[in-house]
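Okay, my_file02.txt is below, compact mmCIF, C-alpha atoms and all ligand atoms:
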# COMPACT_ATOMS: atom_id res chain seq x y z
CA LEU A 200 47.07 1.44 13.07
CA LYS A 201 49.73 -1.18 13.76
CA PRO A 202 48.23 -4.65 13.76
CA ASP A 203 49.36 -5.56 17.27
CA SER A 204 47.56 -2.56 18.64
CA TRP A 205 44.18 -3.25 17.17
CA PHE A 206 43.91 -6.54 15.28
CA ASP A 207 42.24 -9.07 17.50
CA GLN A 208 42.96 -12.75 16.88
CA GLY A 209 39.44 -13.73 17.80
CA ALA A 210 37.60 -11.01 15.88
CA GLY A 211 37.39 -12.65 12.47
CA PRO A 212 39.45 -12.27 9.32
CA ARG A 213 41.79 -9.29 9.16
CA TYR A 214 40.21 -7.78 6.05
CA VAL A 215 36.90 -7.69 7.95
CA GLN A 216 38.56 -5.97 10.90
CA LEU A 217 40.18 -3.46 8.58
CA ARG A 218 36.86 -2.88 6.80
CA ARG A 219 35.13 -2.27 10.13
CA ARG A 220 37.87 0.07 11.19
CA LEU A 221 37.46 2.10 8.02
CA GLU A 222 33.66 2.04 8.40
CA GLU A 223 34.05 3.48 11.89
CA ALA A 224 36.30 6.22 10.55
CA ILE A 225 33.67 7.03 7.92
CA HIS A 226 30.70 6.98 10.32
CA SER A 227 32.44 9.03 12.98
CA GLY A 228 33.44 11.66 10.46
CA VAL A 229 37.20 11.06 10.74
CA LEU A 230 36.90 10.34 7.02
CA PRO A 231 34.14 12.74 5.87
CA PRO A 232 32.21 12.42 2.59
CA ASN A 233 34.31 13.11 -0.52
CA SER A 234 37.59 12.81 1.41
CA SER A 235 40.18 10.58 -0.19
CA LEU A 236 41.51 7.39 1.35
CA PRO A 237 45.25 6.70 1.38
CA PRO A 238 46.39 4.50 -1.50
CA GLU A 239 46.19 0.72 -0.94
CA ARG A 240 49.97 0.48 -0.73
CA GLU A 241 50.10 3.05 2.03
CA ILE A 242 47.33 1.37 4.04
CA ALA A 243 49.20 -1.94 3.66
CA ASP A 244 52.39 -0.30 4.94
CA ILE A 245 50.74 1.37 7.91
CA THR A 246 48.80 -1.72 8.98
CA ASP A 247 51.41 -4.36 8.08
CA LEU A 248 48.73 -6.17 6.13
CA SER A 249 49.22 -7.60 2.68
CA ARG A 250 47.88 -5.62 -0.26
CA VAL A 251 45.54 -8.50 -1.04
CA THR A 252 43.96 -8.11 2.40
CA VAL A 253 43.68 -4.35 2.01
CA ARG A 254 42.18 -4.73 -1.46
CA LYS A 255 39.59 -7.16 -0.11
CA ALA A 256 38.50 -4.72 2.60
CA MET A 257 38.35 -1.86 0.09
CA HIS A 258 36.39 -4.01 -2.34
CA GLU A 259 33.73 -4.65 0.31
CA LEU A 260 33.48 -0.96 1.10
CA VAL A 261 32.91 -0.30 -2.60
CA GLN A 262 30.25 -3.02 -2.69
CA GLN A 263 28.55 -1.49 0.33
CA GLY A 264 28.48 1.87 -1.37
CA ALA A 265 30.62 3.43 1.40
CA ILE A 266 33.48 4.40 -0.90
CA GLU A 267 33.98 4.74 -4.63
CA GLN A 268 37.04 4.29 -6.77
CA ARG A 269 37.66 7.03 -9.29
CA GLN A 270 39.80 6.09 -12.24
CA GLY A 271 43.32 7.35 -11.79
CA SER A 272 42.66 9.35 -8.63
CA GLY A 273 42.06 6.73 -5.92
CA SER A 274 39.28 5.96 -3.45
CA PHE A 275 36.86 8.47 -1.97
CA VAL A 276 34.22 8.36 0.74
CA ARG A 277 30.76 8.56 -0.80
CA GLU A 278 27.95 10.75 0.44
CA SER A 279 26.22 8.50 2.95
CA THR A 280 23.21 6.44 1.91
CA ALA A 281 20.03 8.32 2.62
CA ARG A 282 18.18 6.62 5.44
CA VAL A 283 14.48 6.17 5.07
CA GLU A 284 12.36 6.87 8.12
CA GLN A 285 9.34 4.65 8.17
CA SER A 286 6.33 5.03 10.44
CA LEU A 287 5.13 1.97 12.26
CA SER A 288 1.65 3.30 12.81
CA HIS A 289 0.29 3.28 9.26
CA LEU A 290 -0.51 0.33 7.06
CA THR A 291 1.16 1.47 3.88
CA SER A 292 2.87 -0.28 0.98
CA PHE A 293 6.47 0.00 -0.10
CA THR A 294 5.40 1.82 -3.29
CA GLU A 295 3.36 4.37 -1.33
CA ASP A 296 6.13 4.92 1.21
CA MET A 297 8.72 5.59 -1.46
CA GLN A 298 6.41 7.68 -3.65
CA GLN A 299 5.79 9.91 -0.67
CA ARG A 300 9.52 10.60 -0.63
CA GLY A 301 9.61 11.25 -4.35
CA LEU A 302 11.49 8.03 -5.03
CA GLU A 303 10.63 5.85 -7.96
CA THR A 304 10.27 2.15 -7.21
CA THR A 305 11.28 -0.82 -9.30
CA SER A 306 11.20 -4.54 -8.63
CA LYS A 307 13.34 -7.43 -9.74
CA TRP A 308 11.10 -10.46 -9.82
CA LEU A 309 12.67 -13.51 -8.28
CA GLU A 310 9.52 -15.63 -8.14
CA ARG A 311 5.85 -15.05 -8.95
CA GLY A 312 3.18 -17.68 -9.39
CA VAL A 313 0.93 -20.33 -7.89
CA PHE A 314 2.55 -23.00 -5.72
CA LEU A 315 1.81 -25.87 -3.37
CA PRO A 316 1.72 -24.35 0.11
CA THR A 317 4.06 -25.15 2.98
CA GLU A 318 2.66 -26.41 6.29
CA GLU A 319 3.16 -22.94 7.73
CA GLU A 320 1.28 -21.25 4.88
CA ILE A 321 -1.61 -23.71 5.27
CA SER A 322 -1.96 -22.89 8.94
CA VAL A 323 -1.19 -19.15 8.93
CA LEU A 324 -3.26 -18.37 5.83
CA SER A 325 -6.01 -20.86 6.84
CA LEU A 326 -5.87 -22.60 3.48
CA GLY A 327 -8.41 -25.29 2.69
CA ASP A 328 -7.65 -28.83 1.49
CA ASP A 329 -5.75 -28.84 -1.81
CA GLU A 330 -5.74 -25.04 -1.92
CA SER A 331 -2.67 -23.55 -3.61
CA VAL A 332 -0.93 -20.37 -2.63
CA ALA A 333 0.08 -17.24 -4.55
CA ARG A 334 3.70 -16.32 -4.00
CA ILE A 335 5.66 -13.24 -4.93
CA TYR A 336 9.36 -12.85 -4.26
CA ARG A 337 11.10 -9.67 -5.34
CA LEU A 338 14.00 -7.36 -4.82
CA ARG A 339 12.59 -3.92 -4.14
CA GLU A 340 14.49 -0.87 -5.28
CA ALA A 341 13.90 2.82 -4.70
CA GLY A 342 15.68 5.60 -6.52
CA GLY A 343 17.75 2.93 -8.26
CA GLN A 344 19.06 1.52 -4.97
CA PRO A 345 18.18 -1.94 -3.63
CA MET A 346 16.27 -1.57 -0.34
CA ALA A 347 14.58 -4.84 0.57
CA LEU A 348 13.94 -8.43 -0.38
CA GLU A 349 10.31 -9.34 0.02
CA ARG A 350 8.58 -12.71 -0.02
CA ALA A 351 4.79 -12.59 0.09
CA ALA A 352 2.31 -15.46 0.28
CA LEU A 353 -1.43 -14.97 -0.22
CA PRO A 354 -4.42 -17.30 -0.47
CA LEU A 355 -5.72 -17.57 -4.06
CA SER A 356 -9.10 -16.47 -2.72
CA ILE A 357 -7.44 -13.10 -2.00
CA LEU A 358 -5.15 -12.92 -5.03
CA PRO A 359 -6.38 -15.33 -7.73
CA ASN A 360 -3.72 -14.33 -10.26
CA PRO A 361 -0.30 -13.30 -8.91
CA LEU A 362 0.85 -12.46 -12.44
CA GLU A 363 -1.50 -9.49 -12.29
CA VAL A 364 0.87 -7.87 -9.83
CA THR A 365 3.20 -5.92 -12.06
CA THR A 366 4.18 -3.03 -9.79
CA SER A 367 2.40 -2.70 -6.43
CA LEU A 368 0.83 -5.66 -4.65
CA TYR A 369 -1.38 -3.39 -2.56
CA ALA A 370 -2.54 -1.46 -5.64
CA THR A 371 -3.60 -4.77 -7.24
CA LEU A 372 -5.34 -5.88 -4.03
CA ASP A 373 -7.10 -2.50 -3.91
CA GLN A 374 -8.38 -2.97 -7.46
CA ILE A 375 -9.90 -6.33 -6.64
CA GLY A 376 -11.40 -5.11 -3.36
CA HIS A 377 -8.92 -6.95 -1.12
CA ARG A 378 -6.80 -4.19 0.36
CA PRO A 379 -5.68 -5.15 3.88
CA VAL A 380 -6.88 -2.83 6.65
CA ARG A 381 -4.95 -4.19 9.64
CA ALA A 382 -1.62 -5.91 10.17
CA ILE A 383 0.59 -7.41 12.81
CA GLN A 384 4.25 -6.76 12.23
CA LYS A 385 7.27 -8.31 13.86
CA ILE A 386 10.78 -6.93 13.45
CA SER A 387 13.99 -8.86 14.22
CA ALA A 388 17.66 -8.04 13.79
CA ILE A 389 19.72 -10.29 11.52
CA ASN A 390 23.01 -10.44 9.65
CA LEU A 391 22.50 -10.73 5.91
CA GLU A 392 23.76 -13.97 4.40
CA SER A 393 25.81 -14.00 1.22
CA THR A 394 23.05 -14.45 -1.40
CA GLU A 395 20.80 -11.86 0.20
CA ALA A 396 23.66 -9.45 0.80
CA GLU A 397 24.68 -9.74 -2.83
CA LEU A 398 21.17 -8.97 -4.05
CA LEU A 399 20.98 -5.98 -1.70
CA ASN A 400 24.43 -4.83 -2.78
CA VAL A 401 25.97 -4.82 0.70
CA ALA A 402 28.76 -6.89 2.23
CA GLU A 403 27.93 -10.31 3.67
CA GLY A 404 27.14 -10.04 7.36
CA THR A 405 25.81 -6.47 7.12
CA ALA A 406 23.03 -5.79 9.60
CA GLY A 407 19.51 -6.16 8.31
CA LEU A 408 15.97 -6.14 9.64
CA ARG A 409 13.71 -9.09 9.11
CA ILE A 410 10.11 -7.94 9.10
CA GLN A 411 7.15 -10.22 9.08
CA ARG A 412 3.78 -8.75 8.26
CA LEU A 413 0.54 -10.62 8.65
CA SER A 414 -2.25 -8.51 7.24
CA PHE A 415 -6.01 -8.86 7.39
CA LEU A 416 -9.05 -7.76 5.39
CA GLU A 417 -11.94 -5.83 6.88
CA ASP A 418 -13.87 -9.10 7.33
CA GLY A 419 -11.03 -10.62 9.38
CA ARG A 420 -9.63 -12.96 6.72
CA VAL A 421 -5.84 -13.21 6.53
CA ALA A 422 -4.71 -11.43 3.37
CA GLU A 423 -0.97 -11.80 3.33
CA LEU A 424 2.03 -13.31 5.05
CA THR A 425 5.07 -11.35 3.97
CA ARG A 426 8.66 -11.69 5.11
CA SER A 427 10.97 -8.89 4.20
CA LEU A 428 14.66 -8.29 4.65
CA TYR A 429 15.40 -4.60 4.85
CA ARG A 430 18.85 -3.07 4.71
CA GLY A 431 19.82 -2.04 8.21
CA ASP A 432 21.91 0.81 6.85
CA ALA A 433 18.98 2.36 5.00
CA TYR A 434 16.03 2.15 7.39
CA ASP A 435 14.82 3.70 10.62
CA PHE A 436 11.48 2.53 11.93
CA VAL A 437 9.61 5.05 14.02
CA ALA A 438 6.59 4.50 16.27
CA GLU A 439 4.60 6.97 18.30
CA LEU A 440 4.07 5.75 21.86
CA GLN A 441 1.37 6.74 24.30
CA LEU A 442 1.10 6.26 28.02
CA SER A 443 -1.29 3.39 28.56
CA GLY A 444 -3.91 3.01 31.22
C1 LIG A 501 5.53 -3.33 2.40
C2 LIG A 501 5.09 -4.40 3.40
C3 LIG A 501 4.69 -5.68 2.73
C4 LIG A 501 3.72 -5.43 1.60
C5 LIG A 501 4.31 -4.44 0.64
C6 LIG A 501 3.36 -4.09 -0.49
C7 LIG A 501 6.65 -3.82 5.23
C8 LIG A 501 7.63 -4.31 6.21
N1 LIG A 501 6.12 -4.70 4.38
O1 LIG A 501 6.80 -3.59 1.91
O2 LIG A 501 4.10 -6.52 3.69
O3 LIG A 501 3.43 -6.62 0.92
O4 LIG A 501 4.61 -3.24 1.32
O5 LIG A 501 4.06 -3.19 -1.33
O6 LIG A 501 6.36 -2.65 5.23
P1 LIG A 501 3.65 -2.83 -2.79
O7 LIG A 501 2.19 -2.52 -2.81
O8 LIG A 501 4.50 -1.69 -3.16
O9 LIG A 501 3.92 -4.04 -3.65
How does the structure come out when it is put into structure tokens?
Ligand code: 16G
Amino acid sequence: LKPDSWFDQGAGPRYVQLRRRLEEAIHSGVLPPNSSLPPEREIADITDLSRVTVRKAMHELVQQGAIEQRQGSGSFVRESTARVEQSLSHLTSFTEDMQQRGLETTSKWLERGVFLPTEEEISVLSLGDDESVARIYRLREAGGQPMALERAALPLSILPNPLEVTTSLYATLDQIGHRPVRAIQKISAINLESTEAELLNVAEGTAGLRIQRLSFLEDGRVAELTRSLYRGDAYDFVAELQLSG
């Protein structure tokens, strides 16, 4: 663990390198769940890093939910975050997906209302002249754990009153006869920026998945443009593939 042997000048701040090193030890099972980590002082001694640096790395691991600090007895590796396996072949909602797993969902509302549309919303949602847009931005939690940040935009002709959405967007759309039946989804890899990472309770730079869903009604109208940021450490997306031709 001596710094010369594994700290790399070009690989970012040393607390980040130490954090990654500890993450590797946790993921590979060198430090199994419930095992204790050496005290900060000892890690500082072994690595020749300052205690401030060690504390910073440990703090991020706590934030990520990888370790927990128990009063008076030190730091322990937590049971790993349950990963959610999500099918890519069914058009389901977050609430339905989580309910299926017996997880209760909650939302923190970051924005909900009627707004002037952006150029992109006008073109993607085929909005008419002077037509406003319904927007919903929320932090989605399941089983008390933050899972995704989701920003949805819908034409008012599809969702006239966004304030009606109190739990599930799709349940509300269902009630008013506007449940989407088809969607195109695009998934990209990203690193979560500080504000998003903080809301999702992971360290800045943690891997995430950006998912864009464009959904349509039976009659072909665009229902929704939603951009979501899912925690990379909590999701596996699974698709069934068939030989074409
Ligand atoms: C899912 C959808 C999102 C949809 C939401 C409705 C993905 C990537 N996104 O999160 O497009 O708006 O479900 O969920 O799956 P709700 O009915 O629980 O509000």
With all atoms listed in the file counted and 10 Å as the cut-off, give the residues of chain A in contact with ligand LIG 501 (chain A), each with its shortest interatomic distance in Å and the pair that gives it, as a tab-separated table.
residue	atom	partner	partner_atom	distance
A:Gln285	CA	A:LIG501	O6	8.4
A:Ser286	CA	A:LIG501	O6	9.3
A:Leu287	CA	A:LIG501	O6	8.5
A:His289	CA	A:LIG501	O6	9.4
A:Leu290	CA	A:LIG501	O6	7.7
A:Thr291	CA	A:LIG501	O4	6.4
A:Ser292	CA	A:LIG501	O4	3.5
A:Phe293	CA	A:LIG501	O4	4.0
A:Thr294	CA	A:LIG501	O8	3.6
A:Glu295	CA	A:LIG501	O8	6.4
A:Asp296	CA	A:LIG501	O8	8.1
A:Met297	CA	A:LIG501	O8	8.6
A:Gln298	CA	A:LIG501	O8	9.6
A:Thr304	CA	A:LIG501	O8	8.0
A:Thr305	CA	A:LIG501	O8	9.2
A:Ser306	CA	A:LIG501	O9	8.8
A:Ile335	CA	A:LIG501	O3	9.1
A:Arg337	CA	A:LIG501	O9	9.3
A:Arg339	CA	A:LIG501	O1	8.4
A:Met346	CA	A:LIG501	O1	9.9
A:Ala347	CA	A:LIG501	O1	8.0
A:Leu348	CA	A:LIG501	O1	8.9
A:Glu349	CA	A:LIG501	O1	7.0
A:Arg350	CA	A:LIG501	O3	8.0
A:Ala351	CA	A:LIG501	O3	6.2
A:Ala352	CA	A:LIG501	O3	8.9
A:Leu353	CA	A:LIG501	O3	9.7
A:Val364	CA	A:LIG501	O9	7.9
A:Thr365	CA	A:LIG501	O9	8.6
A:Thr366	CA	A:LIG501	O9	6.2
A:Ser367	CA	A:LIG501	O9	3.4
A:Leu368	CA	A:LIG501	O9	3.6
A:Tyr369	CA	A:LIG501	O7	3.7
A:Ala370	CA	A:LIG501	O7	5.6
A:Thr371	CA	A:LIG501	O7	7.6
A:Leu372	CA	A:LIG501	O7	8.3
A:Asp373	CA	A:LIG501	O7	9.4
A:Arg378	CA	A:LIG501	O7	9.7
A:Pro379	CA	A:LIG501	C4	9.7
A:Ala382	CA	A:LIG501	O2	8.7
A:Ile383	CA	A:LIG501	O2	9.8
A:Gln384	CA	A:LIG501	C8	7.3
A:Lys385	CA	A:LIG501	C8	8.6
A:Ile386	CA	A:LIG501	C8	8.3
A:Leu408	CA	A:LIG501	C8	9.2
A:Arg409	CA	A:LIG501	C8	8.3
A:Ile410	CA	A:LIG501	C8	5.3
A:Gln411	CA	A:LIG501	C8	6.6
A:Arg412	CA	A:LIG501	O2	5.1
A:Leu413	CA	A:LIG501	O2	7.4
A:Ser414	CA	A:LIG501	O2	7.5
A:Ala422	CA	A:LIG501	O3	9.8
A:Glu423	CA	A:LIG501	O3	7.2
A:Leu424	CA	A:LIG501	O2	7.2
A:Thr425	CA	A:LIG501	O2	4.9
A:Arg426	CA	A:LIG501	O2	7.0
A:Ser427	CA	A:LIG501	C8	6.0
A:Leu428	CA	A:LIG501	C8	8.2
A:Tyr429	CA	A:LIG501	C8	7.9
A:Phe436	CA	A:LIG501	C8	9.7
Compile the contact shell of segment 310-313 of chain A as an mmCIF file with C-alpha atoms, in the coordinates of the input: residues with an atom at most 9 Å away, counting all atoms listed in the file, same-chain residues fewer than 5 positions apart removed.
data_model
loop_
_atom_site.group_PDB
_atom_site.id
_atom_site.type_symbol
_atom_site.label_atom_id
_atom_site.label_comp_id
_atom_site.auth_asym_id
_atom_site.auth_seq_id
_atom_site.Cartn_x
_atom_site.Cartn_y
_atom_site.Cartn_z
ATOM 1 C CA SER A 331 -2.670 -23.550 -3.610
ATOM 2 C CA VAL A 332 -0.930 -20.370 -2.630
ATOM 3 C CA ALA A 333 0.080 -17.240 -4.550
ATOM 4 C CA ARG A 334 3.700 -16.320 -4.000
ATOM 5 C CA ILE A 335 5.660 -13.240 -4.930
ATOM 6 C CA TYR A 336 9.360 -12.850 -4.260
ATOM 7 C CA ARG A 337 11.100 -9.670 -5.340
ATOM 8 C CA ARG A 350 8.580 -12.710 -0.020
ATOM 9 C CA LEU A 355 -5.720 -17.570 -4.060
ATOM 10 C CA PRO A 359 -6.380 -15.330 -7.730
ATOM 11 C CA ASN A 360 -3.720 -14.330 -10.260
ATOM 12 C CA PRO A 361 -0.300 -13.300 -8.910
ATOM 13 C CA LEU A 362 0.850 -12.460 -12.440
ATOM 14 C CA VAL A 364 0.870 -7.870 -9.830
#
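The interatomic distance for the pair atom CA of Glu397 of chain A and atom CA of Gln344 of chain A works out to 12.8 Å.
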What does the distance from atom CA of Val421 of chain A to atom CA of Gln374 of chain A come to in Å, to one decimal?
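Interatomic distance here is 17.5 Å.
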Val253 of chain A proximity check over A:Arg218, A:Arg269, A:Leu358, A:Thr317, using only C-alpha atoms: winner is A:Arg218
Using all atoms listed in the file, can you list as a PyMOL selection string the residues within 12 Å of (32.0, -2.9, -4.6)?
chain A and resi 254-268+274+396-397+399-403
Between A:Glu439, A:Asp329, A:Ala341, A:Ser322, which is the closest to Lys307 of chain A once you count only C-alpha atoms?
A:Ala341
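Taking atom CA of Pro237 of chain A and atom CA of Gly273 of chain A as the two end points, the separation is 8.0 Å.
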Counting only C-alpha atoms, what is within 7 Å of segment 223-235 of chain A, bar same-chain residues fewer than 3 positions away, as a PDB file with C-alpha atoms, in the frame of the given file?
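Dumped everything to result-v1.pdb:
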ATOM      1  CA  ARG A 219      35.130  -2.270  10.130  1.00  0.00           C
ATOM      2  CA  ARG A 220      37.870   0.070  11.190  1.00  0.00           C
ATOM      3  CA  SER A 274      39.280   5.960  -3.450  1.00  0.00           C
ATOM      4  CA  PHE A 275      36.860   8.470  -1.970  1.00  0.00           C
ATOM      5  CA  VAL A 276      34.220   8.360   0.740  1.00  0.00           C
ATOM      6  CA  ARG A 277      30.760   8.560  -0.800  1.00  0.00           C
ATOM      7  CA  GLU A 278      27.950  10.750   0.440  1.00  0.00           C
TER       8      GLU A 278
END
Nearest to Ser387 of chain A, restricted to all atoms listed in the file and choosing among A:Gly431, A:Asp244, A:Leu309, A:Thr405, comes out as A:Gly431
Selection: 8 Å around Arg250 of chain A, only C-alpha atoms, excl. self and same-chain fewer than 4 positions, as an NGL selection string:
:A and (239-240 or 243 or 254)
Take the residues from that selection and put them in a file with C-alpha atoms, as a CSV table (one decimal), in the frame of the given file.
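Output saved as out_2.csv:
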chain,number,residue,atom,x,y,z
A,239,GLU,CA,46.2,0.7,-0.9
A,240,ARG,CA,50.0,0.5,-0.7
A,243,ALA,CA,49.2,-1.9,3.7
A,254,ARG,CA,42.2,-4.7,-1.5
Got a minute to add all heavy atoms to segment 245-255 of chain A and dump it as a PDB file, keeping the file's coordinate frame?
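Final file, part-v9.pdb:
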ATOM      1  N   ILE A 245      51.079   0.917   6.559  1.00  0.00           N
ATOM      2  CA  ILE A 245      50.740   1.370   7.910  1.00  0.00           C
ATOM      3  C   ILE A 245      50.258   0.208   8.778  1.00  0.00           C
ATOM      4  O   ILE A 245      50.567   0.112   9.949  1.00  0.00           O
ATOM      5  CB  ILE A 245      49.620   2.440   7.889  1.00  0.00           C
ATOM      6  CG1 ILE A 245      49.998   3.615   7.002  1.00  0.00           C
ATOM      7  CG2 ILE A 245      49.276   2.944   9.294  1.00  0.00           C
ATOM      8  CD1 ILE A 245      48.859   4.595   6.769  1.00  0.00           C
ATOM      9  N   THR A 246      49.440  -0.671   8.169  1.00  0.00           N
ATOM     10  CA  THR A 246      48.800  -1.720   8.980  1.00  0.00           C
ATOM     11  C   THR A 246      49.613  -3.004   9.035  1.00  0.00           C
ATOM     12  O   THR A 246      49.257  -3.910   9.787  1.00  0.00           O
ATOM     13  CB  THR A 246      47.415  -2.054   8.404  1.00  0.00           C
ATOM     14  OG1 THR A 246      47.594  -2.411   7.024  1.00  0.00           O
ATOM     15  CG2 THR A 246      46.452  -0.894   8.523  1.00  0.00           C
ATOM     16  N   ASP A 247      50.663  -3.110   8.194  1.00  0.00           N
ATOM     17  CA  ASP A 247      51.410  -4.360   8.080  1.00  0.00           C
ATOM     18  C   ASP A 247      50.567  -5.496   7.524  1.00  0.00           C
ATOM     19  O   ASP A 247      50.814  -6.659   7.828  1.00  0.00           O
ATOM     20  CB  ASP A 247      51.961  -4.790   9.459  1.00  0.00           C
ATOM     21  CG  ASP A 247      53.402  -4.334   9.621  1.00  0.00           C
ATOM     22  OD1 ASP A 247      53.958  -3.766   8.654  1.00  0.00           O
ATOM     23  OD2 ASP A 247      53.965  -4.524  10.721  1.00  0.00           O
ATOM     24  N   LEU A 248      49.549  -5.135   6.765  1.00  0.00           N
ATOM     25  CA  LEU A 248      48.730  -6.170   6.130  1.00  0.00           C
ATOM     26  C   LEU A 248      49.176  -6.308   4.690  1.00  0.00           C
ATOM     27  O   LEU A 248      49.798  -5.394   4.130  1.00  0.00           O
ATOM     28  CB  LEU A 248      47.252  -5.772   6.163  1.00  0.00           C
ATOM     29  CG  LEU A 248      46.578  -5.738   7.534  1.00  0.00           C
ATOM     30  CD1 LEU A 248      45.200  -5.103   7.417  1.00  0.00           C
ATOM     31  CD2 LEU A 248      46.464  -7.141   8.125  1.00  0.00           C
ATOM     32  N   SER A 249      48.837  -7.446   4.077  1.00  0.00           N
ATOM     33  CA  SER A 249      49.220  -7.600   2.680  1.00  0.00           C
ATOM     34  C   SER A 249      48.283  -6.751   1.817  1.00  0.00           C
ATOM     35  O   SER A 249      47.172  -6.406   2.230  1.00  0.00           O
ATOM     36  CB  SER A 249      49.090  -9.067   2.271  1.00  0.00           C
ATOM     37  OG  SER A 249      47.727  -9.407   2.181  1.00  0.00           O
ATOM     38  N   ARG A 250      48.723  -6.443   0.625  1.00  0.00           N
ATOM     39  CA  ARG A 250      47.880  -5.620  -0.260  1.00  0.00           C
ATOM     40  C   ARG A 250      46.614  -6.363  -0.648  1.00  0.00           C
ATOM     41  O   ARG A 250      45.579  -5.757  -0.886  1.00  0.00           O
ATOM     42  CB  ARG A 250      48.676  -5.199  -1.489  1.00  0.00           C
ATOM     43  CG  ARG A 250      49.673  -4.115  -1.106  1.00  0.00           C
ATOM     44  CD  ARG A 250      50.344  -3.488  -2.273  1.00  0.00           C
ATOM     45  NE  ARG A 250      49.438  -2.752  -3.158  1.00  0.00           N
ATOM     46  CZ  ARG A 250      49.868  -2.021  -4.169  1.00  0.00           C
ATOM     47  NH1 ARG A 250      51.153  -1.931  -4.423  1.00  0.00           N
ATOM     48  NH2 ARG A 250      49.019  -1.384  -4.941  1.00  0.00           N
ATOM     49  N   VAL A 251      46.722  -7.700  -0.710  1.00  0.00           N
ATOM     50  CA  VAL A 251      45.540  -8.500  -1.040  1.00  0.00           C
ATOM     51  C   VAL A 251      44.455  -8.294   0.017  1.00  0.00           C
ATOM     52  O   VAL A 251      43.280  -8.109  -0.284  1.00  0.00           O
ATOM     53  CB  VAL A 251      45.910 -10.005  -1.134  1.00  0.00           C
ATOM     54  CG1 VAL A 251      44.680 -10.872  -1.381  1.00  0.00           C
ATOM     55  CG2 VAL A 251      46.944 -10.224  -2.218  1.00  0.00           C
ATOM     56  N   THR A 252      44.899  -8.295   1.288  1.00  0.00           N
ATOM     57  CA  THR A 252      43.960  -8.110   2.400  1.00  0.00           C
ATOM     58  C   THR A 252      43.337  -6.719   2.340  1.00  0.00           C
ATOM     59  O   THR A 252      42.122  -6.558   2.482  1.00  0.00           O
ATOM     60  CB  THR A 252      44.703  -8.297   3.746  1.00  0.00           C
ATOM     61  OG1 THR A 252      45.318  -9.576   3.730  1.00  0.00           O
ATOM     62  CG2 THR A 252      43.770  -8.189   4.922  1.00  0.00           C
ATOM     63  N   VAL A 253      44.180  -5.722   2.093  1.00  0.00           N
ATOM     64  CA  VAL A 253      43.680  -4.350   2.010  1.00  0.00           C
ATOM     65  C   VAL A 253      42.686  -4.218   0.855  1.00  0.00           C
ATOM     66  O   VAL A 253      41.601  -3.648   0.998  1.00  0.00           O
ATOM     67  CB  VAL A 253      44.844  -3.340   1.832  1.00  0.00           C
ATOM     68  CG1 VAL A 253      44.312  -1.924   1.610  1.00  0.00           C
ATOM     69  CG2 VAL A 253      45.775  -3.390   3.037  1.00  0.00           C
ATOM     70  N   ARG A 254      43.043  -4.824  -0.275  1.00  0.00           N
ATOM     71  CA  ARG A 254      42.180  -4.730  -1.460  1.00  0.00           C
ATOM     72  C   ARG A 254      40.814  -5.356  -1.172  1.00  0.00           C
ATOM     73  O   ARG A 254      39.788  -4.853  -1.592  1.00  0.00           O
ATOM     74  CB  ARG A 254      42.854  -5.452  -2.643  1.00  0.00           C
ATOM     75  CG  ARG A 254      42.263  -5.061  -3.978  1.00  0.00           C
ATOM     76  CD  ARG A 254      43.148  -5.502  -5.125  1.00  0.00           C
ATOM     77  NE  ARG A 254      44.502  -4.981  -5.008  1.00  0.00           N
ATOM     78  CZ  ARG A 254      45.595  -5.670  -5.364  1.00  0.00           C
ATOM     79  NH1 ARG A 254      45.485  -6.896  -5.827  1.00  0.00           N
ATOM     80  NH2 ARG A 254      46.784  -5.130  -5.228  1.00  0.00           N
ATOM     81  N   LYS A 255      40.836  -6.460  -0.430  1.00  0.00           N
ATOM     82  CA  LYS A 255      39.590  -7.160  -0.110  1.00  0.00           C
ATOM     83  C   LYS A 255      38.670  -6.267   0.741  1.00  0.00           C
ATOM     84  O   LYS A 255      37.470  -6.176   0.495  1.00  0.00           O
ATOM     85  CB  LYS A 255      39.932  -8.437   0.687  1.00  0.00           C
ATOM     86  CG  LYS A 255      39.189  -9.653   0.175  1.00  0.00           C
ATOM     87  CD  LYS A 255      39.741 -10.906   0.800  1.00  0.00           C
ATOM     88  CE  LYS A 255      38.687 -11.978   0.826  1.00  0.00           C
ATOM     89  NZ  LYS A 255      39.136 -13.211   1.417  1.00  0.00           N
TER      90      LYS A 255
END
